[in-house]
Amino acid sequence: MPTRLHIPKDWKRRATRALSNLNRPGVAAVCFWCGHRYRRGEYSPETESAHLLQCAEYPQEAKVQMKKRKKTKPNEPEVGIMWLVGNKILFDSTPLSHAGRYADHLIHEPGHIACWVELVKSGKVPNRDYEEFPRGHVAYYTKTYKFRLLADKCILVRKAVVRKIWS
C-alpha cells in the first residue's frame with residue numbers, strides 16, 4: 001500500500017495558521033505544512049507539487065512517494081493483488097517499473113496479508129481473516145514477457161470480473 005502521511009502533533013496550530021493566511025488579501029491558497037502563501041493566479045497542482053518537493057516541513061517519505069509517482073509512465077502496466085468481497089473487486093497494484101522480484105516474476109509488494117490489514121484499518125473491508133474471501137494476483141513472468149493471473153476458481157469463472165482485472 002502507498003505510504004500514508006501522518007498528521008503532525010501540532011496540526012491545530014498549522015491549520016489555524018493556514019486559515020489565518022487565507023484571510024489575507026490576494027491569497028488564494030496556503031500550504032498546510034509550512035504556511036507558504038499562493039497568490040491569486042499562482043496556484044495549480046503543478047506549482048503545489050513543486051512547492052511540496054522543496055518544503056522543509058513536508059515529510060520526506062511523502063516526497064519520495066511523490067517522486068516515484070512522477071516517474072511512472074501513464075498507463076504503464078501493473079502487477080497486483082485482488083480480493084472479491086461480495087460483488088466488489090478490491091485491487092492493490094504497483095506499476096511494472098516499481099514491482100518487486102520473486103524468482104522469475106515481477107510481483108506486487110506487499111502481499112495479501114499486509115494489504116488486508118490496511119484495508120481493515122481503513123474500514124473498507126470487514127474485520128475478518130483475509131483468507132475468507134476469494135483472492136488472486138497478477139504477476140509478470142520475465143522469461144516469456146507475459147502477465148499471469150492466478151486466482152481462486154470462483155473469480156476465474158466470472159468473465160466480467162476477469163475482464164475488469166485485466167483492464
# chains A, B, ... in the order shown; residues from 1 in each chain; ligands from 1

$ residues_around --residues "segment 21-31 of chain A" --least-positions-apart "5" --cutoff "10 Å" --atoms "only C-alpha atoms" --output "list in words"
Arg14, Ala15, Thr16, His36, Arg37, Tyr38, Arg39, Arg40, Gly41, Glu42, Tyr43, Ser44, Glu48, His51, Leu52, Cys55 and Tyr58 of chain A

$ write_last_selection --atoms "C-alpha atoms" --output "short mmCIF file (atom, residue, chain, number, x, y, z; two decimals), in the first residue's frame"
data_model
loop_
_atom_site.label_atom_id
_atom_site.label_comp_id
_atom_site.auth_asym_id
_atom_site.auth_seq_id
_atom_site.Cartn_x
_atom_site.Cartn_y
_atom_site.Cartn_z
CA ARG A 14 -0.77 24.54 11.38
CA ALA A 15 -4.44 24.59 10.41
CA THR A 16 -5.00 27.83 12.32
CA HIS A 36 3.56 29.27 2.17
CA ARG A 37 1.05 31.60 0.51
CA TYR A 38 -0.04 31.23 -3.10
CA ARG A 39 -1.22 34.49 -4.64
CA ARG A 40 -4.22 34.57 -6.90
CA GLY A 41 -3.29 33.05 -10.25
CA GLU A 42 -0.16 31.31 -8.86
CA TYR A 43 -1.74 28.14 -7.56
CA SER A 44 -2.06 25.00 -9.68
CA GLU A 48 1.76 22.80 -5.39
CA HIS A 51 6.48 23.55 -3.63
CA LEU A 52 5.92 20.37 -1.60
CA CYS A 55 9.02 22.34 1.54
CA TYR A 58 6.67 18.22 4.27
#

$ residues_around --residues "Leu53 of chain A" --least-positions-apart "6" --cutoff "12 Å" --atoms "only C-alpha atoms" --output "PyMOL selection string"
chain A and resi 31+33+46-47+59-67+70

$ select_by_dssp --residues "segment 53-110 of chain A" --states "strand (DSSP E or B)" --output "PyMOL selection string"
chain A and resi 78-85+88-95+100-102+105-107

$ write_last_selection --atoms "C-alpha atoms" --output "PDB file, in the first residue's frame"
ATOM      1  CA  GLU A  78       0.790  -3.064 -13.377  1.00  0.00           C
ATOM      2  CA  VAL A  79       1.029  -6.167 -11.243  1.00  0.00           C
ATOM      3  CA  GLY A  80      -1.115  -6.542  -8.202  1.00  0.00           C
ATOM      4  CA  ILE A  81      -3.320  -8.427  -5.825  1.00  0.00           C
ATOM      5  CA  MET A  82      -7.081  -8.527  -5.506  1.00  0.00           C
ATOM      6  CA  TRP A  83      -9.993  -9.803  -3.455  1.00  0.00           C
ATOM      7  CA  LEU A  84     -13.592 -10.389  -4.340  1.00  0.00           C
ATOM      8  CA  VAL A  85     -15.648  -9.115  -1.397  1.00  0.00           C
ATOM      9  CA  LYS A  88     -16.856  -5.768  -5.328  1.00  0.00           C
ATOM     10  CA  ILE A  89     -13.285  -6.284  -6.559  1.00  0.00           C
ATOM     11  CA  LEU A  90     -10.621  -4.693  -4.367  1.00  0.00           C
ATOM     12  CA  PHE A  91      -7.247  -4.064  -6.016  1.00  0.00           C
ATOM     13  CA  ASP A  92      -3.836  -3.036  -4.821  1.00  0.00           C
ATOM     14  CA  SER A  93      -1.259  -2.699  -7.571  1.00  0.00           C
ATOM     15  CA  THR A  94       2.212  -1.487  -8.498  1.00  0.00           C
ATOM     16  CA  PRO A  95       3.493  -0.214 -11.864  1.00  0.00           C
ATOM     17  CA  GLY A 100       9.303  -6.476  -6.625  1.00  0.00           C
ATOM     18  CA  ARG A 101      11.021  -9.605  -7.865  1.00  0.00           C
ATOM     19  CA  TYR A 102      10.158 -13.163  -6.861  1.00  0.00           C
ATOM     20  CA  HIS A 105       8.307 -12.982 -11.738  1.00  0.00           C
ATOM     21  CA  LEU A 106       7.695  -9.316 -11.075  1.00  0.00           C
ATOM     22  CA  ILE A 107       5.153  -9.032  -8.277  1.00  0.00           C
TER      23      ILE A 107
END

$ select_by_dssp --residues "segment 64-117 of chain A" --states "helix (DSSP H, G or I)" --output "PDB file with C-alpha atoms, in the first residue's frame"
ATOM      1  CA  VAL A  64       9.881  10.039  -2.079  1.00  0.00           C
ATOM      2  CA  GLN A  65       6.421   8.674  -2.938  1.00  0.00           C
ATOM      3  CA  MET A  66       5.612  11.813  -4.931  1.00  0.00           C
ATOM      4  CA  LYS A  67       8.810  11.446  -6.950  1.00  0.00           C
ATOM      5  CA  LYS A  68       8.023   7.787  -7.653  1.00  0.00           C
ATOM      6  CA  ARG A  69       4.543   8.692  -8.900  1.00  0.00           C
ATOM      7  CA  LYS A  70       6.014  11.338 -11.208  1.00  0.00           C
ATOM      8  CA  LYS A  71       8.460   8.824 -12.688  1.00  0.00           C
ATOM      9  CA  LEU A  96       5.796  -2.749 -13.505  1.00  0.00           C
ATOM     10  CA  SER A  97       8.769  -0.389 -13.177  1.00  0.00           C
ATOM     11  CA  HIS A  98       8.420  -0.448  -9.357  1.00  0.00           C
ATOM     12  CA  HIS A 112      -2.116 -10.110   0.698  1.00  0.00           C
ATOM     13  CA  ILE A 113      -1.697 -10.166   4.482  1.00  0.00           C
ATOM     14  CA  ALA A 114      -0.178  -6.686   4.864  1.00  0.00           C
ATOM     15  CA  CYS A 115      -2.620  -5.128   2.393  1.00  0.00           C
ATOM     16  CA  TRP A 116      -5.580  -6.769   4.110  1.00  0.00           C
ATOM     17  CA  VAL A 117      -4.526  -5.308   7.468  1.00  0.00           C
TER      18      VAL A 117
END

$ residues_around --residues "Leu150 of chain A" --least-positions-apart "5" --cutoff "10 Å" --atoms "only C-alpha atoms" --output "PyMOL selection string"
chain A and resi 81+135-139+155-156

$ write_last_selection --atoms "C-alpha atoms" --output "PDB file, in the first residue's frame"
ATOM      1  CA  ILE A  81      -3.320  -8.427  -5.825  1.00  0.00           C
ATOM      2  CA  ARG A 135      -8.354 -13.624  -3.857  1.00  0.00           C
ATOM      3  CA  GLY A 136      -5.684 -13.700  -6.514  1.00  0.00           C
ATOM      4  CA  HIS A 137      -2.802 -11.855  -8.062  1.00  0.00           C
ATOM      5  CA  VAL A 138      -1.382 -10.774 -11.389  1.00  0.00           C
ATOM      6  CA  ALA A 139       2.354 -11.313 -11.867  1.00  0.00           C
ATOM      7  CA  ILE A 155     -13.058 -15.446  -9.635  1.00  0.00           C
ATOM      8  CA  LEU A 156     -11.826 -17.178 -12.795  1.00  0.00           C
TER       9      LEU A 156
END

$ atom_distance --atom1 "atom CA of Ile165 of chain A" --atom2 "atom CA of Leu149 of chain A"
8.8 Å

$ closest_residue --among "A:Lys121, A:Ala103, A:Ala50, A:Arg13" --to "Lys143 of chain A" --atoms "only C-alpha atoms"
A:Ala103

$ atom_distance --atom1 "atom CA of Ala56 of chain A" --atom2 "atom CA of Lys12 of chain A"
18.7 Å

$ atom_distance --atom1 "atom CA of Ser122 of chain A" --atom2 "atom CA of Gly86 of chain A"
17.7 Å

$ decode --residues "segment 25-114 of chain A" --atoms "C-alpha atoms" --output "compact mmCIF listing (two decimals), in the first residue's frame"
# COMPACT_ATOMS: atom_id res chain seq x y z
CA PRO A 25 -5.85 39.97 0.67
CA GLY A 26 -4.65 38.40 -2.57
CA VAL A 27 -4.00 34.94 -1.06
CA ALA A 28 -5.68 32.09 -2.97
CA ALA A 29 -4.22 29.04 -1.18
CA VAL A 30 -1.85 28.15 1.67
CA CYS A 31 0.49 25.21 2.33
CA PHE A 32 -0.69 23.34 5.43
CA TRP A 33 2.85 22.23 6.23
CA CYS A 34 4.82 25.49 6.16
CA GLY A 35 2.28 28.28 5.64
CA HIS A 36 3.56 29.27 2.17
CA ARG A 37 1.05 31.60 0.51
CA TYR A 38 -0.04 31.23 -3.10
CA ARG A 39 -1.22 34.49 -4.64
CA ARG A 40 -4.22 34.57 -6.90
CA GLY A 41 -3.29 33.05 -10.25
CA GLU A 42 -0.16 31.31 -8.86
CA TYR A 43 -1.74 28.14 -7.56
CA SER A 44 -2.06 25.00 -9.68
CA PRO A 45 -1.50 21.30 -8.93
CA GLU A 46 1.91 21.60 -10.64
CA THR A 47 3.03 24.56 -8.51
CA GLU A 48 1.76 22.80 -5.39
CA SER A 49 3.78 19.67 -6.22
CA ALA A 50 6.88 21.73 -6.93
CA HIS A 51 6.48 23.55 -3.63
CA LEU A 52 5.92 20.37 -1.60
CA LEU A 53 9.09 18.82 -3.01
CA GLN A 54 11.00 21.89 -1.72
CA CYS A 55 9.02 22.34 1.54
CA ALA A 56 11.25 21.71 4.56
CA GLU A 57 8.31 20.61 6.72
CA TYR A 58 6.67 18.22 4.27
CA PRO A 59 7.54 14.61 5.32
CA GLN A 60 10.49 13.07 3.50
CA GLU A 61 8.71 9.75 2.87
CA ALA A 62 5.88 11.63 1.15
CA LYS A 63 8.40 13.41 -1.09
CA VAL A 64 9.88 10.04 -2.08
CA GLN A 65 6.42 8.67 -2.94
CA MET A 66 5.61 11.81 -4.93
CA LYS A 67 8.81 11.45 -6.95
CA LYS A 68 8.02 7.79 -7.65
CA ARG A 69 4.54 8.69 -8.90
CA LYS A 70 6.01 11.34 -11.21
CA LYS A 71 8.46 8.82 -12.69
CA THR A 72 5.79 6.25 -13.52
CA LYS A 73 4.53 6.43 -17.05
CA PRO A 74 0.81 6.94 -17.59
CA ASN A 75 -0.98 3.71 -18.48
CA GLU A 76 2.06 1.68 -17.51
CA PRO A 77 1.13 -2.00 -16.99
CA GLU A 78 0.79 -3.06 -13.38
CA VAL A 79 1.03 -6.17 -11.24
CA GLY A 80 -1.12 -6.54 -8.20
CA ILE A 81 -3.32 -8.43 -5.82
CA MET A 82 -7.08 -8.53 -5.51
CA TRP A 83 -9.99 -9.80 -3.45
CA LEU A 84 -13.59 -10.39 -4.34
CA VAL A 85 -15.65 -9.12 -1.40
CA GLY A 86 -19.30 -9.67 -2.22
CA ASN A 87 -19.60 -8.35 -5.78
CA LYS A 88 -16.86 -5.77 -5.33
CA ILE A 89 -13.28 -6.28 -6.56
CA LEU A 90 -10.62 -4.69 -4.37
CA PHE A 91 -7.25 -4.06 -6.02
CA ASP A 92 -3.84 -3.04 -4.82
CA SER A 93 -1.26 -2.70 -7.57
CA THR A 94 2.21 -1.49 -8.50
CA PRO A 95 3.49 -0.21 -11.86
CA LEU A 96 5.80 -2.75 -13.50
CA SER A 97 8.77 -0.39 -13.18
CA HIS A 98 8.42 -0.45 -9.36
CA ALA A 99 7.44 -4.11 -8.92
CA GLY A 100 9.30 -6.48 -6.62
CA ARG A 101 11.02 -9.60 -7.87
CA TYR A 102 10.16 -13.16 -6.86
CA ALA A 103 12.18 -15.74 -8.79
CA ASP A 104 11.36 -15.11 -12.50
CA HIS A 105 8.31 -12.98 -11.74
CA LEU A 106 7.70 -9.32 -11.07
CA ILE A 107 5.15 -9.03 -8.28
CA HIS A 108 3.29 -6.51 -6.17
CA GLU A 109 4.74 -5.89 -2.74
CA PRO A 110 3.49 -6.02 -0.02
CA GLY A 111 1.46 -9.22 -0.12
CA HIS A 112 -2.12 -10.11 0.70
CA ILE A 113 -1.70 -10.17 4.48
CA ALA A 114 -0.18 -6.69 4.86
